[in-house]
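Quick notes on the structure that follows.
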Amino acid sequence: MRMDMLVRDINVFNSYFKRFIKGNAAIKDGKFYYIGERELDAFEPERIVDGQGKYMVPGLIDIHLHIESTMVTPATFSYGLIKNGVTTIVPEPHEMANVFGISGVKEMIKASEDCVADMFYAIPSSVPATSMETTGGSIEIDDIDELMQTEDIICLGEIMNYYEVITDPDCKTNKILSHIRSRYPDLIIEGHVPKLLDLDLQKIINAGINSDHTHQTVEGMDARIAAGMFIEIQEKSMTEEVIDYLKENQVDEHFCFVTDDVMTDSFQNRGHLNVLLKKAVQMGMTRKKPFMHAPIHLHSGCGCMIAAPLHLEKQQISCCYRTWKHLKLNKYTKKVN
Ligand SMILES: [Zn+2]
């Protein structure tokens with residue numbers, strides 16, 4: 001059987017079993033056709049790559065970030081992502097909306113269409129973030145309705161003015177939340193709710209806000225998970241106490257790692273979501289956890305689990321197993337084992 005490429009002698013991360021399995025990968029028409037023990041006995045590849053026992057990890061997915069923080073275009077950003085093993089992202093173009101309103105959001109989506117990484121967008125929910133800000137643009141309910149017609153929209157981005165949500169029933173954000181709940185009841189609503197606990201936190205959850213990506217403490221994570229909230233762990237939340245909590249409790253379905261804001265020099269010199277994975281391993285996470293919570297491969301059990309908060313479907317998501325262009329063999333994962 002003719003194949004475009006055969007990668008021999010690799011350790012492939014199987015995210016159903018959550019472990020690496022030694023074997024070969026055959027690629028045909030830009031897709032992974034076969035992963036297993038068969039090789040030249042079954043395939044006639046145009047190209048053979050010696051994997052030298054390296055580790056193949058599915059494409060990582062970052063479900064919350066702002067491309068503007070890195071100050072590059074989506075196309076440039078996506079090349080940097082692929083270099084670091086990230087194949088799919090969910091950007092929230094908050095700053096673009098702050099300046100240009102809905103036209104800025106639309107231009108960002110348009111600029112992402114032919115990028116090498118796949119991008120699904122969050123609608124900026126809080127533009128301006130408070131009633132005291134005087135931004136160039138704003139996002140109103142009509143804008144949200146218009147953006148919801150775009151197939152690349154996957155959620156409502158972080159609700160930033162949480163204080164108004166819990167104190168002022170008539171504020172703009174509560175009107176947006178009420179509109180979303182009635183018109184798009186399945187749409188995921190991301191949150192930005194630092195330090196909220198107890199009744200205030202549960203007021204936020206009752207308003208329909210599903211997640212929090214701000215700085216986390218053990219007490220805060222406990223309260224959020226207990227109340228059904230999903231937690232997005234940024235690098236600044238990766239303290240010893242937080243990582244120990246995530247290691248020691250059965251909370252795998254309730255958190256993932258995200259980058260949120262990555263400065264240009266850090267993107268260039270350190271990397272992206274992969275940096276958080278390496279750090280998690282260095283901080284003692286078991287070999288399976290960092291890859292479960294990148295999140296990863298949507299054809300996998302854990303990938304689906306992590307993608308579930310954003311309702312990502314298998315067919316919507318690319319991963320390194322979908323296209324060989326995204327294939328990157330990693331050395332650092334040896335440390336995981
Ligand atoms: Zn953010």
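Residue numbering restarts at 1 for every chain of the structure tokens, chains are lettered A, B, ... in their displayed order, and ligands are numbered from 1 as they appear.
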Enumerate as a PyMOL selection string the residues within 12 Å of ligand 1, counting only C-alpha atoms and all ligand atoms.
chain A and resi 62-69+90-95+122-126+129+156-160+190-193+211-215+232-234+258-262
Put those residues in a file: C-alpha atoms, as a compact mmCIF listing (two decimals), in the first residue's frame.
# COMPACT_ATOMS: atom_id res chain seq x y z
CA ASP A 62 -4.82 26.34 24.04
CA ILE A 63 -8.42 27.25 24.85
CA HIS A 64 -7.78 30.76 26.17
CA LEU A 65 -5.33 33.37 24.93
CA HIS A 66 -4.99 36.83 23.41
CA ILE A 67 -2.86 37.06 20.27
CA GLU A 68 -2.58 40.84 20.74
CA SER A 69 -0.41 40.33 23.83
CA VAL A 90 -9.18 29.77 20.96
CA PRO A 91 -8.12 33.44 20.92
CA GLU A 92 -10.19 36.23 22.41
CA PRO A 93 -9.45 39.45 20.47
CA HIS A 94 -10.25 41.71 23.39
CA GLU A 95 -7.75 44.47 22.60
CA ALA A 122 -14.18 33.73 21.63
CA ILE A 123 -16.39 36.83 21.32
CA PRO A 124 -14.98 39.57 23.58
CA SER A 125 -17.72 39.99 26.16
CA SER A 126 -16.38 42.93 28.12
CA ALA A 129 -14.20 46.09 30.56
CA LEU A 156 -18.26 34.08 24.82
CA GLY A 157 -14.89 35.27 26.10
CA GLU A 158 -14.00 36.15 29.64
CA ILE A 159 -16.55 38.15 31.62
CA MET A 160 -14.26 40.71 33.23
CA GLU A 190 -15.74 32.11 30.11
CA GLY A 191 -15.09 33.91 33.36
CA HIS A 192 -12.53 36.17 34.97
CA VAL A 193 -13.39 35.99 38.66
CA SER A 211 -14.89 28.92 33.96
CA ASP A 212 -12.18 31.01 35.59
CA HIS A 213 -8.66 31.60 34.34
CA THR A 214 -7.38 34.07 36.92
CA HIS A 215 -4.72 33.42 39.56
CA GLU A 232 -7.88 27.27 33.32
CA ILE A 233 -4.41 27.23 34.87
CA GLN A 234 -2.04 29.95 33.70
CA VAL A 258 -3.77 27.92 29.14
CA THR A 259 -1.33 30.72 28.29
CA ASP A 260 -3.67 33.78 28.28
CA ASP A 261 -0.96 36.40 27.59
CA VAL A 262 2.49 35.58 26.21
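For the atom pair formed by atom CA of Glu235 of chain A and atom CA of Ile153 of chain A, the distance is 25.6 Å, given to one decimal.
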With the cut-off set at 12 Å and counting only C-alpha atoms, tabulate each residue of segment 123-167 of chain A with an atom at most that distance from an atom of segment 195-206 of chain A, showing the nearest atom pair and its distance in Å to one decimal, ordered by chain and increasing number, as JSON lines.
{"residue": "A:Ile159", "atom": "CA", "partner": "A:Ile204", "partner_atom": "CA", "distance": 9.7}
{"residue": "A:Met160", "atom": "CA", "partner": "A:Ile204", "partner_atom": "CA", "distance": 11.3}
{"residue": "A:Asn161", "atom": "CA", "partner": "A:Ile204", "partner_atom": "CA", "distance": 10.8}
{"residue": "A:Tyr162", "atom": "CA", "partner": "A:Ile204", "partner_atom": "CA", "distance": 7.3}
{"residue": "A:Tyr163", "atom": "CA", "partner": "A:Asp200", "partner_atom": "CA", "distance": 9.0}
{"residue": "A:Glu164", "atom": "CA", "partner": "A:Ile204", "partner_atom": "CA", "distance": 10.4}
{"residue": "A:Val165", "atom": "CA", "partner": "A:Ile204", "partner_atom": "CA", "distance": 7.2}
{"residue": "A:Ile166", "atom": "CA", "partner": "A:Lys203", "partner_atom": "CA", "distance": 6.3}
{"residue": "A:Thr167", "atom": "CA", "partner": "A:Asp200", "partner_atom": "CA", "distance": 9.4}
Write out, as an mmCIF file, in the first residue's frame, the residues just selected, with C-alpha atoms.
data_model
loop_
_atom_site.group_PDB
_atom_site.id
_atom_site.type_symbol
_atom_site.label_atom_id
_atom_site.label_comp_id
_atom_site.auth_asym_id
_atom_site.auth_seq_id
_atom_site.Cartn_x
_atom_site.Cartn_y
_atom_site.Cartn_z
ATOM 1 C CA ILE A 159 -16.554 38.151 31.618
ATOM 2 C CA MET A 160 -14.262 40.710 33.227
ATOM 3 C CA ASN A 161 -16.576 43.014 35.176
ATOM 4 C CA TYR A 162 -17.636 40.326 37.609
ATOM 5 C CA TYR A 163 -18.231 42.914 40.340
ATOM 6 C CA GLU A 164 -21.066 44.510 38.371
ATOM 7 C CA VAL A 165 -22.505 41.079 37.580
ATOM 8 C CA ILE A 166 -22.995 40.353 41.279
ATOM 9 C CA THR A 167 -23.971 43.864 42.395
#
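Atom pair atom CA of Phe20 of chain A / atom CA of Tyr55 of chain A: separated by 7.8 Å.
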